[in-house]
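These notes are about the structure you will find just below.
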Amino acid sequence: MNRPAGSTIARGGKAVYGAPLGILMLEARFARIPGDMGNGRTWPFPVLYRVVPGASPEKVVLDGARGLLPDFIAAAQDLVRLGAEAITTNCGFLSLFQQQLAAAVGVPVATSALLQVPWVQPLLPPGQRVGVLTVSARTLTPAHLSAAGVPLDTPIAGTEGGREFFRVLIEAEKDDLDIALAEQDIIDAGRALVSGAPEVGAIVLECTNMPPYAAALRRQLGLPVYDIYSMVNWFHAGLRPRAFSGQSPWPIP
């Protein structure tokens, strides 16, 4: 119900209620399995989706999202008008638009799972560092990292050399996805990351399509793994704090 306790007035002003988080989606047709940000069953709460026309993974990941900022701003503003109280995106490379989107929509914005890197680093023992797994290491630039507050010398590994994940998600060679091969690509990239940087004590997954494989990566490497799923759950918790026993629930719009 959209009314304070004891009131008979329901507050209006939005088109959709009960889904405070809006997700900006790239335009793609590959399979989105449970755990993928674009699969509605991934989330333990309702979300609002908006596909940004023309924002293909290739344009955003390989071409730096050139010329797409106005389209993302317009889509984010649509989500806010619809009822979103916060905005996130389904590509970590959109960290480039963090400041501009936040300024344009007037609600909290979390564009990228990379924002977690400076959160996780203080949790680690001395001498350990956060490493990043990305779908494309060669195009994850210092500008992407700086926009998310990630140190420029952060260890990074990508999936470009894999057999399935990069070819399907970025190169769009097919719509179907071999899940086992995709998982192996993520594990191989993780092994390469820790082999090249043994000081890595935790991993942040840049790509929002990687959460389905986070548990397997954790089993293989024995390191904590953070991704868009962990970040969005944290983000949503601030929008809808839990009302504990004996407390009056905050009136939720």
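Convention: chains lettered A, B, ... in structure tokens order; per-chain residue numbering from 1; ligands numbered from 1 as shown.
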
Step one, run DSSP on the backbone; step two, keep only residues of stretch 27-219 of chain A assigned to strand (DSSP E or B); then write them as a short mmCIF file (atom, residue, chain, number, x, y, z; two decimals) with N, CA, C and O atoms, in the first residue's frame.
data_model
loop_
_atom_site.label_atom_id
_atom_site.label_comp_id
_atom_site.auth_asym_id
_atom_site.auth_seq_id
_atom_site.Cartn_x
_atom_site.Cartn_y
_atom_site.Cartn_z
N PRO A 34 19.51 -17.06 -15.61
CA PRO A 34 19.37 -16.58 -14.23
C PRO A 34 20.73 -16.24 -13.62
O PRO A 34 21.70 -17.00 -13.75
N ASP A 36 22.20 -13.43 -14.64
CA ASP A 36 22.48 -12.32 -15.52
C ASP A 36 21.60 -11.14 -15.11
O ASP A 36 20.44 -11.30 -14.74
N VAL A 47 12.15 -4.96 -10.40
CA VAL A 47 12.96 -3.91 -11.01
C VAL A 47 12.26 -3.39 -12.26
O VAL A 47 11.37 -4.05 -12.80
N LEU A 48 12.67 -2.22 -12.69
CA LEU A 48 12.18 -1.63 -13.93
C LEU A 48 13.29 -1.67 -14.96
O LEU A 48 14.43 -1.28 -14.66
N TYR A 49 12.99 -2.13 -16.17
CA TYR A 49 13.98 -2.20 -17.24
C TYR A 49 13.68 -1.15 -18.31
O TYR A 49 12.53 -0.86 -18.62
N ARG A 50 14.75 -0.63 -18.91
CA ARG A 50 14.61 0.21 -20.10
C ARG A 50 15.79 -0.09 -21.04
O ARG A 50 16.95 0.10 -20.66
N VAL A 51 15.49 -0.60 -22.25
CA VAL A 51 16.52 -0.86 -23.25
C VAL A 51 16.85 0.46 -23.95
O VAL A 51 15.95 1.21 -24.34
N ALA A 86 16.13 5.09 -8.11
CA ALA A 86 17.57 4.95 -8.28
C ALA A 86 17.80 4.24 -9.61
O ALA A 86 16.93 3.52 -10.10
N ILE A 87 18.99 4.45 -10.19
CA ILE A 87 19.29 3.93 -11.52
C ILE A 87 20.61 3.16 -11.48
O ILE A 87 21.59 3.60 -10.87
N THR A 88 20.63 2.02 -12.16
CA THR A 88 21.87 1.31 -12.42
C THR A 88 21.88 0.90 -13.88
O THR A 88 20.93 1.19 -14.62
N THR A 89 22.97 0.26 -14.34
CA THR A 89 23.08 -0.11 -15.74
C THR A 89 23.57 -1.54 -15.86
O THR A 89 24.10 -2.11 -14.91
N VAL A 109 22.63 7.03 -8.54
CA VAL A 109 23.02 6.28 -9.74
C VAL A 109 24.25 5.45 -9.43
O VAL A 109 25.20 5.94 -8.83
N ALA A 110 24.22 4.20 -9.85
CA ALA A 110 25.38 3.30 -9.74
C ALA A 110 25.56 2.63 -11.09
O ALA A 110 24.89 1.66 -11.41
N ARG A 129 45.39 -7.10 -2.70
CA ARG A 129 44.74 -6.09 -3.53
C ARG A 129 43.50 -6.68 -4.19
O ARG A 129 43.37 -7.90 -4.34
N VAL A 130 42.63 -5.79 -4.62
CA VAL A 130 41.48 -6.20 -5.41
C VAL A 130 41.91 -6.34 -6.87
O VAL A 130 42.63 -5.50 -7.41
N GLY A 131 41.47 -7.43 -7.50
CA GLY A 131 41.67 -7.61 -8.93
C GLY A 131 40.34 -7.52 -9.65
O GLY A 131 39.28 -7.71 -9.06
N VAL A 132 40.39 -7.22 -10.93
CA VAL A 132 39.18 -7.05 -11.73
C VAL A 132 39.17 -8.04 -12.89
O VAL A 132 40.17 -8.18 -13.61
N LEU A 133 38.05 -8.73 -13.04
CA LEU A 133 37.79 -9.51 -14.25
C LEU A 133 36.83 -8.71 -15.11
O LEU A 133 35.77 -8.27 -14.63
N THR A 134 37.15 -8.55 -16.37
CA THR A 134 36.34 -7.78 -17.29
C THR A 134 36.10 -8.57 -18.57
O THR A 134 36.87 -9.48 -18.90
N ILE A 156 44.15 -6.56 -13.78
CA ILE A 156 42.96 -6.77 -14.61
C ILE A 156 43.21 -7.93 -15.57
O ILE A 156 44.30 -8.07 -16.12
N ALA A 157 42.19 -8.75 -15.76
CA ALA A 157 42.23 -9.80 -16.79
C ALA A 157 40.90 -9.80 -17.51
O ALA A 157 39.86 -9.48 -16.93
N GLY A 158 40.93 -10.18 -18.80
CA GLY A 158 39.73 -10.18 -19.61
C GLY A 158 39.44 -11.52 -20.24
O GLY A 158 40.21 -12.48 -20.10
N VAL A 200 46.49 -10.62 -5.40
CA VAL A 200 45.04 -10.43 -5.47
C VAL A 200 44.36 -11.23 -4.36
O VAL A 200 44.53 -12.44 -4.26
N GLY A 201 43.59 -10.52 -3.51
CA GLY A 201 42.91 -11.17 -2.39
C GLY A 201 41.41 -11.17 -2.51
O GLY A 201 40.71 -11.78 -1.70
N ALA A 202 40.89 -10.50 -3.54
CA ALA A 202 39.45 -10.48 -3.82
C ALA A 202 39.27 -10.02 -5.26
O ALA A 202 40.14 -9.34 -5.82
N ILE A 203 38.14 -10.41 -5.85
CA ILE A 203 37.90 -10.12 -7.26
C ILE A 203 36.58 -9.38 -7.41
O ILE A 203 35.58 -9.75 -6.79
N VAL A 204 36.59 -8.36 -8.24
CA VAL A 204 35.36 -7.68 -8.65
C VAL A 204 35.14 -7.98 -10.12
O VAL A 204 36.04 -7.80 -10.95
N LEU A 205 33.93 -8.45 -10.44
CA LEU A 205 33.56 -8.76 -11.82
C LEU A 205 32.95 -7.52 -12.45
O LEU A 205 31.89 -7.07 -12.04
#

Next on the checklist: So that I can see what lies close to A:Ala84, please list as a count of residues only the residues with an atom at most 7 Å from it, counting only C-alpha atoms and leaving out residues fewer than 5 positions away in the same chain.
Outcome noted: 5

Checklist entry - Running DSSP on the backbone, which parts of stretch 61-244 of chain A land in alpha helix (DSSP H), as number ranges by chain? => result A: 69-82, 98-105, 117-120, 142-147, 165-169, 179-196, 214-221, 228-239

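Atom CA of A:Pro46 is found 24.5 Å from atom CA of A:Phe97.
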
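Close contacts of A:Arg219, defined as residues with an atom at most 12 Å away when counting only C-alpha atoms, with chain neighbours fewer than 6 positions off set aside, comprise Ile187, Gly190, Arg191, Tyr213 and Val225 of chain A.
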
Only N, CA and C atoms, please: the residues just picked out, written as an mmCIF file, in the first residue's frame.
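After the write, part35.cif holds the following:
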data_model
loop_
_atom_site.group_PDB
_atom_site.id
_atom_site.type_symbol
_atom_site.label_atom_id
_atom_site.label_comp_id
_atom_site.auth_asym_id
_atom_site.auth_seq_id
_atom_site.Cartn_x
_atom_site.Cartn_y
_atom_site.Cartn_z
ATOM 1 N N ILE A 187 36.550 -18.790 -15.541
ATOM 2 C CA ILE A 187 37.527 -19.440 -14.655
ATOM 3 C C ILE A 187 38.933 -19.260 -15.206
ATOM 4 N N GLY A 190 40.069 -15.808 -14.522
ATOM 5 C CA GLY A 190 40.390 -15.657 -13.106
ATOM 6 C C GLY A 190 41.741 -16.258 -12.763
ATOM 7 N N ARG A 191 42.019 -17.421 -13.308
ATOM 8 C CA ARG A 191 43.320 -18.047 -13.064
ATOM 9 C C ARG A 191 44.453 -17.201 -13.627
ATOM 10 N N TYR A 213 28.468 -17.109 -12.917
ATOM 11 C CA TYR A 213 29.676 -17.913 -12.797
ATOM 12 C C TYR A 213 30.496 -17.553 -11.559
ATOM 13 N N VAL A 225 34.392 -12.989 -4.192
ATOM 14 C CA VAL A 225 34.031 -12.467 -5.509
ATOM 15 C C VAL A 225 32.845 -11.522 -5.349
#

Next on the checklist: If we count only C-alpha atoms and set the cut-off at 7 Å, which residues sit around A:Gln98, ignoring sequence neighbours fewer than 4 positions away in its own chain? Please answer as a ChimeraX atom specification.
Outcome noted: /A:102,110-111,147

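Counting only C-alpha atoms and comparing A:Leu26, A:Val105, A:Val150, A:Leu96, the residue that lies closest to A:Gly64 is A:Leu96.
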
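Minimum distance to A:Phe45 across A:Pro108, A:Pro126, A:Gly18, A:Pro142 (counting only C-alpha atoms) occurs at A:Gly18.
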
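The closest residue to A:Pro211, picked from A:Phe165, A:Trp234, A:Tyr17, A:Tyr226 and counting only C-alpha atoms, is A:Tyr226.
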
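Nearest to A:Ile186 of all the residues A:Glu85, A:Asp63, A:Glu171, A:Glu206 is A:Glu206, counting only C-alpha atoms.
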